[in-house]
$ cat data.cif   # mmCIF, C-alpha atoms
data_input
loop_
_atom_site.group_PDB
_atom_site.id
_atom_site.type_symbol
_atom_site.label_atom_id
_atom_site.label_comp_id
_atom_site.auth_asym_id
_atom_site.auth_seq_id
_atom_site.Cartn_x
_atom_site.Cartn_y
_atom_site.Cartn_z
ATOM 1 C CA MET A 1 0.000 0.000 0.000
ATOM 2 C CA ARG A 2 2.801 2.339 0.995
ATOM 3 C CA HIS A 3 4.773 1.421 -2.135
ATOM 4 C CA THR A 4 1.868 2.217 -4.469
ATOM 5 C CA ARG A 5 1.212 5.561 -2.795
ATOM 6 C CA ARG A 6 4.861 6.632 -3.052
ATOM 7 C CA ARG A 7 4.988 5.833 -6.766
ATOM 8 C CA SER A 8 1.902 7.827 -7.621
ATOM 9 C CA LEU A 9 3.233 10.868 -5.741
ATOM 10 C CA ARG A 10 6.507 10.677 -7.680
ATOM 11 C CA GLU A 11 4.600 10.493 -10.935
ATOM 12 C CA LEU A 12 2.562 13.497 -9.925
ATOM 13 C CA ILE A 13 5.691 15.575 -9.265
ATOM 14 C CA ALA A 14 7.424 14.452 -12.443
ATOM 15 C CA GLU A 15 4.458 15.352 -14.628
ATOM 16 C CA ASP A 16 4.880 18.643 -16.569
ATOM 17 C CA LEU A 17 2.295 21.367 -16.557
ATOM 18 C CA ASP A 18 0.342 21.518 -19.777
ATOM 19 C CA THR A 19 1.311 24.997 -20.970
ATOM 20 C CA MET A 20 -0.103 24.712 -24.455
ATOM 21 C CA PRO A 21 -3.424 26.504 -23.743
ATOM 22 C CA LEU A 22 -1.494 29.357 -22.114
ATOM 23 C CA MET A 23 0.889 29.490 -25.077
ATOM 24 C CA ASN A 24 -2.035 29.647 -27.475
ATOM 25 C CA LEU A 25 -3.476 32.545 -25.515
ATOM 26 C CA PHE A 26 -0.140 34.397 -25.529
ATOM 27 C CA VAL A 27 0.407 33.835 -29.221
ATOM 28 C CA ALA A 28 -2.987 35.386 -29.943
ATOM 29 C CA LEU A 29 -2.708 38.241 -27.409
ATOM 30 C CA ILE A 30 0.807 39.475 -28.061
ATOM 31 C CA PRO A 31 0.488 40.234 -31.799
ATOM 32 C CA MET A 32 -2.838 41.949 -31.135
ATOM 33 C CA LEU A 33 -1.311 44.142 -28.418
ATOM 34 C CA LEU A 34 1.821 44.825 -30.468
ATOM 35 C CA ILE A 35 -0.275 46.094 -33.374
ATOM 36 C CA SER A 36 -2.269 48.481 -31.226
ATOM 37 C CA ALA A 37 0.477 49.540 -28.800
ATOM 38 C CA VAL A 38 1.409 53.226 -28.595
ATOM 39 C CA PHE A 39 5.140 53.644 -28.277
ATOM 40 C CA LEU A 40 5.232 57.436 -28.697
ATOM 41 C CA ASN A 41 4.238 59.475 -25.692
ATOM 42 C CA VAL A 42 2.164 62.222 -27.297
ATOM 43 C CA THR A 43 1.267 64.975 -24.847
ATOM 44 C CA VAL A 44 -0.325 68.376 -25.358
ATOM 45 C CA ILE A 45 0.331 71.979 -24.394
ATOM 46 C CA ASP A 46 -2.965 73.704 -23.626
ATOM 47 C CA MET A 47 -3.234 77.200 -25.029
ATOM 48 C CA ASP A 48 -6.747 78.116 -23.788
ATOM 49 C CA GLY A 49 -6.808 81.112 -26.081
ATOM 50 C CA PRO A 50 -9.769 83.504 -26.108
ATOM 51 C CA ALA A 51 -12.360 83.291 -28.864
ATOM 52 C CA ALA A 52 -11.710 85.507 -31.861
ATOM 53 C CA ASP A 53 -14.524 87.888 -30.955
ATOM 54 C CA ALA A 54 -13.701 88.021 -27.218
ATOM 55 C CA PRO A 55 -12.433 91.337 -25.828
ATOM 56 C CA ASP A 56 -8.727 91.471 -25.004
ATOM 57 C CA ALA A 57 -9.289 91.947 -21.277
ATOM 58 C CA ALA A 58 -6.111 90.407 -19.932
ATOM 59 C CA ALA A 59 -3.823 92.519 -22.093
ATOM 60 C CA ASP A 60 -3.765 95.471 -19.707
ATOM 61 C CA ALA A 61 -3.638 93.419 -16.503
ATOM 62 C CA GLY A 62 -0.470 92.098 -14.837
ATOM 63 C CA PRO A 63 3.136 92.795 -15.679
ATOM 64 C CA GLY A 64 2.681 91.999 -19.381
ATOM 65 C CA LEU A 65 5.700 89.718 -19.458
ATOM 66 C CA GLU A 66 6.948 88.988 -22.979
ATOM 67 C CA ILE A 67 9.716 86.938 -24.562
ATOM 68 C CA ALA A 68 10.624 88.213 -28.004
ATOM 69 C CA VAL A 69 12.237 85.480 -30.095
ATOM 70 C CA THR A 70 14.405 86.484 -33.037
ATOM 71 C CA GLY A 71 17.157 84.713 -34.895
ATOM 72 C CA GLU A 72 19.810 86.567 -32.904
ATOM 73 C CA ALA A 73 18.435 86.930 -29.392
ATOM 74 C CA TYR A 74 15.769 86.349 -26.783
ATOM 75 C CA THR A 75 14.504 89.540 -25.180
ATOM 76 C CA VAL A 76 12.573 89.421 -21.910
ATOM 77 C CA ARG A 77 10.546 92.540 -21.164
ATOM 78 C CA GLY A 78 7.588 93.633 -19.096
ATOM 79 C CA ARG A 79 6.061 96.564 -17.281
ATOM 80 C CA GLY A 80 8.480 97.880 -14.676
ATOM 81 C CA LEU A 81 11.182 95.465 -15.769
ATOM 82 C CA PRO A 82 14.398 96.449 -17.532
ATOM 83 C CA PRO A 83 14.587 94.563 -20.860
ATOM 84 C CA VAL A 84 17.017 91.646 -20.769
ATOM 85 C CA ARG A 85 18.613 90.706 -24.088
ATOM 86 C CA ILE A 86 20.178 87.255 -24.367
ATOM 87 C CA ALA A 87 22.233 86.569 -27.473
ATOM 88 C CA ARG A 88 21.441 83.152 -28.899
ATOM 89 C CA ALA A 89 24.978 82.778 -30.221
ATOM 90 C CA GLY A 90 26.390 83.065 -26.706
ATOM 91 C CA GLU A 91 26.976 80.329 -24.170
ATOM 92 C CA GLU A 92 23.917 78.419 -22.979
ATOM 93 C CA PRO A 93 21.265 80.980 -23.968
ATOM 94 C CA GLN A 94 18.491 78.685 -22.712
ATOM 95 C CA LYS A 95 19.920 78.710 -19.192
ATOM 96 C CA LEU A 96 20.277 82.504 -19.243
ATOM 97 C CA LEU A 97 16.706 82.833 -20.514
ATOM 98 C CA ALA A 98 15.466 80.515 -17.761
ATOM 99 C CA ALA A 99 17.305 82.610 -15.154
ATOM 100 C CA ALA A 100 15.916 85.888 -16.557
ATOM 101 C CA LEU A 101 12.378 84.477 -16.596
ATOM 102 C CA ALA A 102 12.707 83.080 -13.071
ATOM 103 C CA GLU A 103 13.826 86.511 -11.864
ATOM 104 C CA ALA A 104 10.924 88.226 -13.660
ATOM 105 C CA ALA A 105 8.487 85.657 -12.252
ATOM 106 C CA GLY A 106 9.941 86.199 -8.763
ATOM 107 C CA ARG A 107 9.211 89.926 -8.967
ATOM 108 C CA HIS A 108 5.533 89.204 -9.701
ATOM 109 C CA PRO A 109 4.692 86.056 -7.698
ATOM 110 C CA GLY A 110 0.991 86.215 -8.598
ATOM 111 C CA ASN A 111 1.665 86.238 -12.313
ATOM 112 C CA HIS A 112 1.917 82.974 -14.219
ATOM 113 C CA GLU A 113 1.390 84.362 -17.709
ATOM 114 C CA VAL A 114 3.894 85.150 -20.412
ATOM 115 C CA THR A 115 3.571 85.936 -24.102
ATOM 116 C CA VAL A 116 6.001 84.533 -26.651
ATOM 117 C CA VAL A 117 6.412 87.081 -29.433
ATOM 118 C CA SER A 118 7.685 85.448 -32.606
ATOM 119 C CA LEU A 119 8.694 86.535 -36.057
ATOM 120 C CA PRO A 120 6.735 85.100 -39.007
ATOM 121 C CA ASP A 121 9.608 82.768 -39.883
ATOM 122 C CA THR A 122 10.326 81.541 -36.345
ATOM 123 C CA ARG A 123 10.240 77.757 -36.354
ATOM 124 C CA TYR A 124 7.571 75.942 -34.384
ATOM 125 C CA ASP A 125 10.086 73.840 -32.401
ATOM 126 C CA GLU A 126 11.909 77.009 -31.274
ATOM 127 C CA ILE A 127 8.625 78.355 -29.910
ATOM 128 C CA ILE A 128 7.921 75.073 -28.114
ATOM 129 C CA ALA A 129 11.436 75.157 -26.599
ATOM 130 C CA VAL A 130 10.846 78.705 -25.283
ATOM 131 C CA MET A 131 7.463 77.609 -23.885
ATOM 132 C CA ASP A 132 9.204 74.747 -22.055
ATOM 133 C CA ILE A 133 11.748 77.167 -20.556
ATOM 134 C CA ALA A 134 8.943 79.501 -19.443
ATOM 135 C CA ARG A 135 7.057 76.622 -17.842
ATOM 136 C CA GLY A 136 10.206 75.529 -16.039
ATOM 137 C CA ALA A 137 10.636 79.100 -14.722
ATOM 138 C CA GLY A 138 7.190 79.082 -13.133
ATOM 139 C CA LEU A 139 5.225 80.662 -15.996
ATOM 140 C CA PRO A 140 2.937 77.892 -17.274
ATOM 141 C CA GLY A 141 0.380 80.161 -18.952
ATOM 142 C CA VAL A 142 1.970 80.858 -22.328
ATOM 143 C CA ALA A 143 0.279 82.853 -25.086
ATOM 144 C CA LEU A 144 1.604 83.341 -28.610
ATOM 145 C CA ARG A 145 1.719 86.564 -30.582
ATOM 146 C CA GLY A 146 3.349 87.743 -33.768
ATOM 147 C CA ALA A 147 5.874 90.577 -33.720
ATOM 148 C CA ARG A 148 4.261 93.811 -34.873
ATOM 149 C CA MET B 1 23.775 -7.860 -36.001
ATOM 150 C CA ARG B 2 21.621 -5.591 -38.074
ATOM 151 C CA MET B 3 18.628 -6.744 -36.073
ATOM 152 C CA ARG B 4 20.232 -5.804 -32.741
ATOM 153 C CA HIS B 5 21.296 -2.409 -34.060
ATOM 154 C CA GLY B 6 17.777 -1.756 -35.253
ATOM 155 C CA ARG B 7 16.294 -2.672 -31.921
ATOM 156 C CA ARG B 8 18.625 -0.278 -30.157
ATOM 157 C CA ARG B 9 17.612 2.567 -32.441
ATOM 158 C CA THR B 10 14.009 1.750 -31.847
ATOM 159 C CA LYS B 11 14.547 1.807 -28.125
ATOM 160 C CA ALA B 12 16.348 5.167 -28.340
ATOM 161 C CA GLY B 13 13.555 6.530 -30.544
ATOM 162 C CA ARG B 14 10.992 5.629 -27.938
ATOM 163 C CA ARG B 15 12.653 7.883 -25.327
ATOM 164 C CA GLN B 16 10.290 10.769 -24.759
ATOM 165 C CA THR B 17 11.781 14.256 -24.966
ATOM 166 C CA THR B 18 9.778 17.343 -23.999
ATOM 167 C CA LEU B 19 10.403 20.935 -25.064
ATOM 168 C CA ARG B 20 11.649 23.223 -22.292
ATOM 169 C CA MET B 21 9.004 25.926 -22.358
ATOM 170 C CA THR B 22 9.949 27.790 -19.187
ATOM 171 C CA SER B 23 12.263 30.397 -20.757
ATOM 172 C CA MET B 24 9.825 31.052 -23.589
ATOM 173 C CA MET B 25 7.003 31.459 -21.116
ATOM 174 C CA ASP B 26 9.126 33.951 -19.173
ATOM 175 C CA ILE B 27 9.713 36.044 -22.283
ATOM 176 C CA LEU B 28 6.065 35.973 -23.280
ATOM 177 C CA THR B 29 4.886 36.845 -19.786
ATOM 178 C CA VAL B 30 7.228 39.850 -19.547
ATOM 179 C CA LEU B 31 6.203 40.997 -23.036
ATOM 180 C CA LEU B 32 2.539 40.644 -22.220
ATOM 181 C CA LEU B 33 2.875 42.621 -18.986
ATOM 182 C CA PHE B 34 4.838 45.369 -20.784
ATOM 183 C CA LEU B 35 2.202 45.661 -23.498
ATOM 184 C CA LEU B 36 -0.658 45.689 -21.016
ATOM 185 C CA LYS B 37 1.155 48.406 -19.036
ATOM 186 C CA SER B 38 1.458 50.538 -22.166
ATOM 187 C CA PHE B 39 -2.333 50.488 -22.397
ATOM 188 C CA VAL B 40 -2.809 51.775 -18.880
ATOM 189 C CA VAL B 41 -2.929 55.460 -19.754
ATOM 190 C CA GLU B 42 -5.220 58.218 -18.654
ATOM 191 C CA GLY B 43 -7.493 60.071 -21.029
ATOM 192 C CA GLU B 44 -7.438 60.012 -24.794
ATOM 193 C CA VAL B 45 -4.551 58.558 -26.770
ATOM 194 C CA ILE B 46 -3.405 60.665 -29.723
ATOM 195 C CA THR B 47 -1.722 58.956 -32.629
ATOM 196 C CA PRO B 48 0.530 61.281 -34.630
ATOM 197 C CA VAL B 49 -0.607 61.777 -38.216
ATOM 198 C CA PRO B 50 1.871 59.955 -40.508
ATOM 199 C CA GLY B 51 4.345 62.451 -41.947
ATOM 200 C CA VAL B 52 4.200 64.906 -39.062
ATOM 201 C CA ASP B 53 7.466 65.333 -37.179
ATOM 202 C CA LEU B 54 6.164 66.659 -33.865
ATOM 203 C CA PRO B 55 8.466 68.793 -31.709
ATOM 204 C CA GLU B 56 9.627 67.497 -28.345
ATOM 205 C CA SER B 57 8.524 69.098 -25.113
ATOM 206 C CA THR B 58 8.652 68.566 -21.369
ATOM 207 C CA SER B 59 4.896 69.121 -21.166
ATOM 208 C CA ASP B 60 2.969 66.280 -19.573
ATOM 209 C CA GLY B 61 -0.541 67.500 -20.453
ATOM 210 C CA ARG B 62 -2.914 64.657 -21.228
ATOM 211 C CA PRO B 63 -4.750 64.919 -24.536
ATOM 212 C CA ALA B 64 -8.531 65.151 -24.552
ATOM 213 C CA ASP B 65 -11.036 64.116 -27.188
ATOM 214 C CA SER B 66 -10.747 66.762 -29.894
ATOM 215 C CA VAL B 67 -10.703 67.617 -33.561
ATOM 216 C CA VAL B 68 -7.204 67.163 -35.028
ATOM 217 C CA VAL B 69 -5.646 69.671 -37.406
ATOM 218 C CA ALA B 70 -2.342 68.446 -38.860
ATOM 219 C CA VAL B 71 0.074 70.812 -40.618
ATOM 220 C CA PHE B 72 3.085 69.348 -42.377
ATOM 221 C CA ASP B 73 5.045 69.361 -45.645
ATOM 222 C CA ASP B 74 2.625 71.262 -47.892
ATOM 223 C CA THR B 75 -0.628 69.952 -46.474
ATOM 224 C CA ILE B 76 -3.221 70.992 -43.937
ATOM 225 C CA MET B 77 -5.415 68.116 -42.764
ATOM 226 C CA LEU B 78 -8.542 68.055 -40.646
ATOM 227 C CA ASP B 79 -9.268 64.720 -38.987
ATOM 228 C CA GLY B 80 -7.148 62.868 -41.534
ATOM 229 C CA GLN B 81 -8.544 64.574 -44.648
ATOM 230 C CA ALA B 82 -6.581 67.135 -46.655
ATOM 231 C CA VAL B 83 -8.299 70.515 -46.707
ATOM 232 C CA GLY B 84 -5.702 72.736 -48.334
ATOM 233 C CA THR B 85 -2.097 73.540 -48.982
ATOM 234 C CA ILE B 86 0.327 75.575 -46.928
ATOM 235 C CA ALA B 87 1.188 77.759 -49.915
ATOM 236 C CA ASP B 88 -2.475 78.767 -50.264
ATOM 237 C CA ALA B 89 -2.797 79.268 -46.510
ATOM 238 C CA LEU B 90 0.112 81.720 -46.450
ATOM 239 C CA ALA B 91 -1.013 83.577 -49.568
ATOM 240 C CA GLY B 92 -3.019 86.751 -49.114
ATOM 241 C CA ALA B 93 -3.487 89.046 -46.169
ATOM 242 C CA ASP B 94 -6.553 87.357 -44.660
ATOM 243 C CA PRO B 95 -5.460 85.493 -41.492
ATOM 244 C CA VAL B 96 -8.387 83.059 -41.845
ATOM 245 C CA ILE B 97 -7.566 79.959 -43.912
ATOM 246 C CA ALA B 98 -10.857 79.743 -45.823
ATOM 247 C CA PRO B 99 -10.959 76.001 -46.739
ATOM 248 C CA LEU B 100 -10.030 75.023 -43.179
ATOM 249 C CA ALA B 101 -12.623 77.397 -41.739
ATOM 250 C CA VAL B 102 -15.340 75.894 -43.986
ATOM 251 C CA ARG B 103 -14.490 72.349 -42.894
ATOM 252 C CA LEU B 104 -14.254 73.346 -39.231
ATOM 253 C CA ASP B 105 -17.684 74.994 -39.465
ATOM 254 C CA GLU B 106 -19.081 71.797 -41.015
ATOM 255 C CA THR B 107 -17.491 69.686 -38.285
ATOM 256 C CA ARG B 108 -18.851 72.003 -35.641
ATOM 257 C CA ALA B 109 -22.367 71.877 -37.119
ATOM 258 C CA ARG B 110 -22.219 68.092 -37.334
ATOM 259 C CA GLY B 111 -21.005 67.835 -33.726
ATOM 260 C CA ALA B 112 -23.723 70.212 -32.546
ATOM 261 C CA GLU B 113 -26.367 68.177 -34.391
ATOM 262 C CA ILE B 114 -25.146 64.931 -32.770
ATOM 263 C CA SER B 115 -25.175 66.629 -29.360
ATOM 264 C CA ARG B 116 -28.723 67.935 -29.980
ATOM 265 C CA ARG B 117 -29.977 64.465 -30.898
ATOM 266 C CA ARG B 118 -28.385 63.055 -27.773
ATOM 267 C CA GLY B 119 -30.175 65.687 -25.739
ATOM 268 C CA ASP B 120 -26.957 67.293 -24.529
ATOM 269 C CA GLU B 121 -26.702 70.574 -26.390
ATOM 270 C CA ASP B 122 -23.825 71.841 -24.237
ATOM 271 C CA ALA B 123 -21.618 68.875 -25.180
ATOM 272 C CA PHE B 124 -19.718 70.899 -27.792
ATOM 273 C CA ARG B 125 -16.470 71.961 -26.163
ATOM 274 C CA GLY B 126 -14.705 73.526 -29.143
ATOM 275 C CA ARG B 127 -11.537 71.534 -28.569
ATOM 276 C CA VAL B 128 -8.921 71.285 -31.278
ATOM 277 C CA SER B 129 -5.519 69.670 -31.209
ATOM 278 C CA ILE B 130 -2.918 71.024 -33.630
ATOM 279 C CA GLN B 131 -0.294 68.552 -34.801
ATOM 280 C CA GLY B 132 2.269 70.833 -36.382
ATOM 281 C CA ASP B 133 5.509 69.714 -37.949
ATOM 282 C CA ARG B 134 8.490 71.062 -36.036
ATOM 283 C CA ALA B 135 9.680 73.012 -39.102
ATOM 284 C CA ILE B 136 6.527 75.035 -39.812
ATOM 285 C CA PRO B 137 6.892 78.811 -39.453
ATOM 286 C CA PHE B 138 5.047 80.815 -36.831
ATOM 287 C CA ALA B 139 3.112 82.731 -39.511
ATOM 288 C CA LEU B 140 1.393 79.485 -40.518
ATOM 289 C CA LEU B 141 0.778 78.339 -36.948
ATOM 290 C CA GLU B 142 -0.716 81.731 -36.141
ATOM 291 C CA ARG B 143 -3.121 81.519 -39.077
ATOM 292 C CA VAL B 144 -4.164 77.968 -38.197
ATOM 293 C CA MET B 145 -4.800 78.968 -34.572
ATOM 294 C CA PHE B 146 -6.675 82.093 -35.646
ATOM 295 C CA THR B 147 -8.840 80.061 -38.042
ATOM 296 C CA CYS B 148 -9.658 77.502 -35.327
ATOM 297 C CA SER B 149 -10.558 80.243 -32.884
ATOM 298 C CA HIS B 150 -12.601 82.031 -35.585
ATOM 299 C CA SER B 151 -14.640 78.850 -36.157
ATOM 300 C CA GLY B 152 -15.433 78.438 -32.470
ATOM 301 C CA TYR B 153 -12.618 76.065 -31.587
ATOM 302 C CA ALA B 154 -11.046 78.265 -28.917
ATOM 303 C CA ASP B 155 -9.774 75.455 -26.679
ATOM 304 C CA ILE B 156 -6.545 74.881 -28.582
ATOM 305 C CA SER B 157 -3.847 72.418 -27.615
ATOM 306 C CA LEU B 158 -0.537 71.803 -29.345
ATOM 307 C CA ALA B 159 0.431 68.141 -29.704
ATOM 308 C CA VAL B 160 4.061 67.370 -28.874
ATOM 309 C CA ILE B 161 6.221 64.368 -28.137
ATOM 310 C CA GLY B 162 6.606 64.234 -24.379
ATOM 311 C CA VAL B 163 10.137 63.832 -23.086
ATOM 312 C CA SER B 164 11.235 63.699 -19.478
#
$ encode --input "data.cif" --output "structure tokens"
Amino acid sequence: MRHTRRRSLRELIAEDLDTMPLMNLFVALIPMLLISAVFLNVTVIDMDGPAADAPDAAADAGPGLEIAVTGEAYTVRGRGLPPVRIARAGEEPQKLLAAALAEAAGRHPGNHEVTVVSLPDTRYDEIIAVMDIARGAGLPGVALRGAR
Amino acid sequence: MRMRHGRRRTKAGRRQTTLRMTSMMDILTVLLLFLLKSFVVEGEVITPVPGVDLPESTSDGRPADSVVVAVFDDTIMLDGQAVGTIADALAGADPVIAPLAVRLDETRARGAEISRRRGDEDAFRGRVSIQGDRAIPFALLERVMFTCSHSGYADISLAVIGVS
């Protein structure tokens, strides 16, 4: 009796799991998921611009902080602030721009708005880069405007 | 002699060999978990329009359900359909891109009609997502944004590739 019981237990341990149903499931699931997987992390920058017929109420409020982007320089200006010109050909202009914006934001702690003023031929990725710098300096509300 | 050799081969042939599936199962399990994780995202998932080289940004804003305007090469597309060319959009002094405005108005009317039939007339949010190629000039972006705003799509978001 003991001998029979021991043998059946050994057989039970030696027996492999039947993984074929699981394999079939994986083989069906993985290609389906691979086809529909999103590998690019697409995010958005909200502009929340006013409607075209809305009055320009916010224009006269706050320090009116602006970053003018040209091919040669970034210029940070605002009401009561001395204009800061940062040459783009110089060393680490992005860091200098971030520092200038952080200083301007520090002078007006309640203000989180800034306007990026671009030339007609300013590239889109340059504008996005400036918006990132402004956000990093504590100015997440970025509006866009063309240079007059 | 031949008989004995044959018997041996037969005996060897009868030995059962099983495939080692453990390592393969490990790979498949890890792959499956990775793929399932990539589906666990909040909000709407935006797929970039083929041909658009989106700029990179540190923004982590989650996209919402919206109309998609794509601007790249020489084409302006609304929800995957070409509505005009960039050369035409930049020609003239009018900041409104007429063909895009017409299609946006149609889309807005269609959306409003669907909302009315559902009994939720305030469902129209006027959201638009602009997928602009990184090389487009500001003059074009400005006109596209102005046209969207002009057609009632004032909640504008710029689609970018998120980087940390």
$ interface_residues --input "data.cif" --of "chain A" --to "chain B" --cutoff "8 Å" --atoms "only C-alpha atoms" --output "PyMOL selection string"
chain A and resi 19+23+26+29-30+33-34+37-53+118-125+128-129+132+145-146
$ atom_distance --input "data.cif" --atom1 "atom CA of Leu78 of chain B" --atom2 "atom CA of Asp120 of chain B"
24.5 Å
$ resolve_selection --input "data.cif" --expression "the PyMOL selection byres ((chain B and resi 103) around 12)" --output "ChimeraX atom specification"
/B:67-69,76-79,81-84,97-102,104-110,147-148,151
$ write_last_selection --input "data.cif" --atoms "C-alpha atoms" --output "PDB file, keeping the file's coordinate frame"
ATOM      1  CA  VAL B  67     -10.703  67.617 -33.561  1.00  0.00           C
ATOM      2  CA  VAL B  68      -7.204  67.163 -35.028  1.00  0.00           C
ATOM      3  CA  VAL B  69      -5.646  69.671 -37.406  1.00  0.00           C
ATOM      4  CA  ILE B  76      -3.221  70.992 -43.937  1.00  0.00           C
ATOM      5  CA  MET B  77      -5.415  68.116 -42.764  1.00  0.00           C
ATOM      6  CA  LEU B  78      -8.542  68.055 -40.646  1.00  0.00           C
ATOM      7  CA  ASP B  79      -9.268  64.720 -38.987  1.00  0.00           C
ATOM      8  CA  GLN B  81      -8.544  64.574 -44.648  1.00  0.00           C
ATOM      9  CA  ALA B  82      -6.581  67.135 -46.655  1.00  0.00           C
ATOM     10  CA  VAL B  83      -8.299  70.515 -46.707  1.00  0.00           C
ATOM     11  CA  GLY B  84      -5.702  72.736 -48.334  1.00  0.00           C
ATOM     12  CA  ILE B  97      -7.566  79.959 -43.912  1.00  0.00           C
ATOM     13  CA  ALA B  98     -10.857  79.743 -45.823  1.00  0.00           C
ATOM     14  CA  PRO B  99     -10.959  76.001 -46.739  1.00  0.00           C
ATOM     15  CA  LEU B 100     -10.030  75.023 -43.179  1.00  0.00           C
ATOM     16  CA  ALA B 101     -12.623  77.397 -41.739  1.00  0.00           C
ATOM     17  CA  VAL B 102     -15.340  75.894 -43.986  1.00  0.00           C
ATOM     18  CA  LEU B 104     -14.254  73.346 -39.231  1.00  0.00           C
ATOM     19  CA  ASP B 105     -17.684  74.994 -39.465  1.00  0.00           C
ATOM     20  CA  GLU B 106     -19.081  71.797 -41.015  1.00  0.00           C
ATOM     21  CA  THR B 107     -17.491  69.686 -38.285  1.00  0.00           C
ATOM     22  CA  ARG B 108     -18.851  72.003 -35.641  1.00  0.00           C
ATOM     23  CA  ALA B 109     -22.367  71.877 -37.119  1.00  0.00           C
ATOM     24  CA  ARG B 110     -22.219  68.092 -37.334  1.00  0.00           C
ATOM     25  CA  THR B 147      -8.840  80.061 -38.042  1.00  0.00           C
ATOM     26  CA  CYS B 148      -9.658  77.502 -35.327  1.00  0.00           C
ATOM     27  CA  SER B 151     -14.640  78.850 -36.157  1.00  0.00           C
TER      28      SER B 151
END
$ axis_aligned_box --input "data.cif" --around "segment 158-162 of chain B" --padding-each-side "5 Å" --output "lines of an AutoDock Vina configuration file"
center_x = 3.0
center_y = 68.0
center_z = -27.0
size_x = 17.1
size_y = 17.6
size_z = 15.3
$ resolve_selection --input "data.cif" --expression "the PyMOL selection byres ((chain A and resi 78) around 12)" --output "PyMOL selection string"
chain A and resi 59-68+75-77+79-84+100-101+103-105+107-108+111+113-116
$ atom_distance --input "data.cif" --atom1 "atom CA of Ala87 of chain A" --atom2 "atom CA of Ala73 of chain A"
4.3 Å
$ atom_distance --input "data.cif" --atom1 "atom CA of Arg143 of chain B" --atom2 "atom CA of Pro95 of chain B"
5.2 Å
$ closest_residue --input "data.cif" --among "B:Ala93, B:Ile114, B:Leu19, B:Val144" --to "Val71 of chain B" --atoms "only C-alpha atoms"
B:Val144
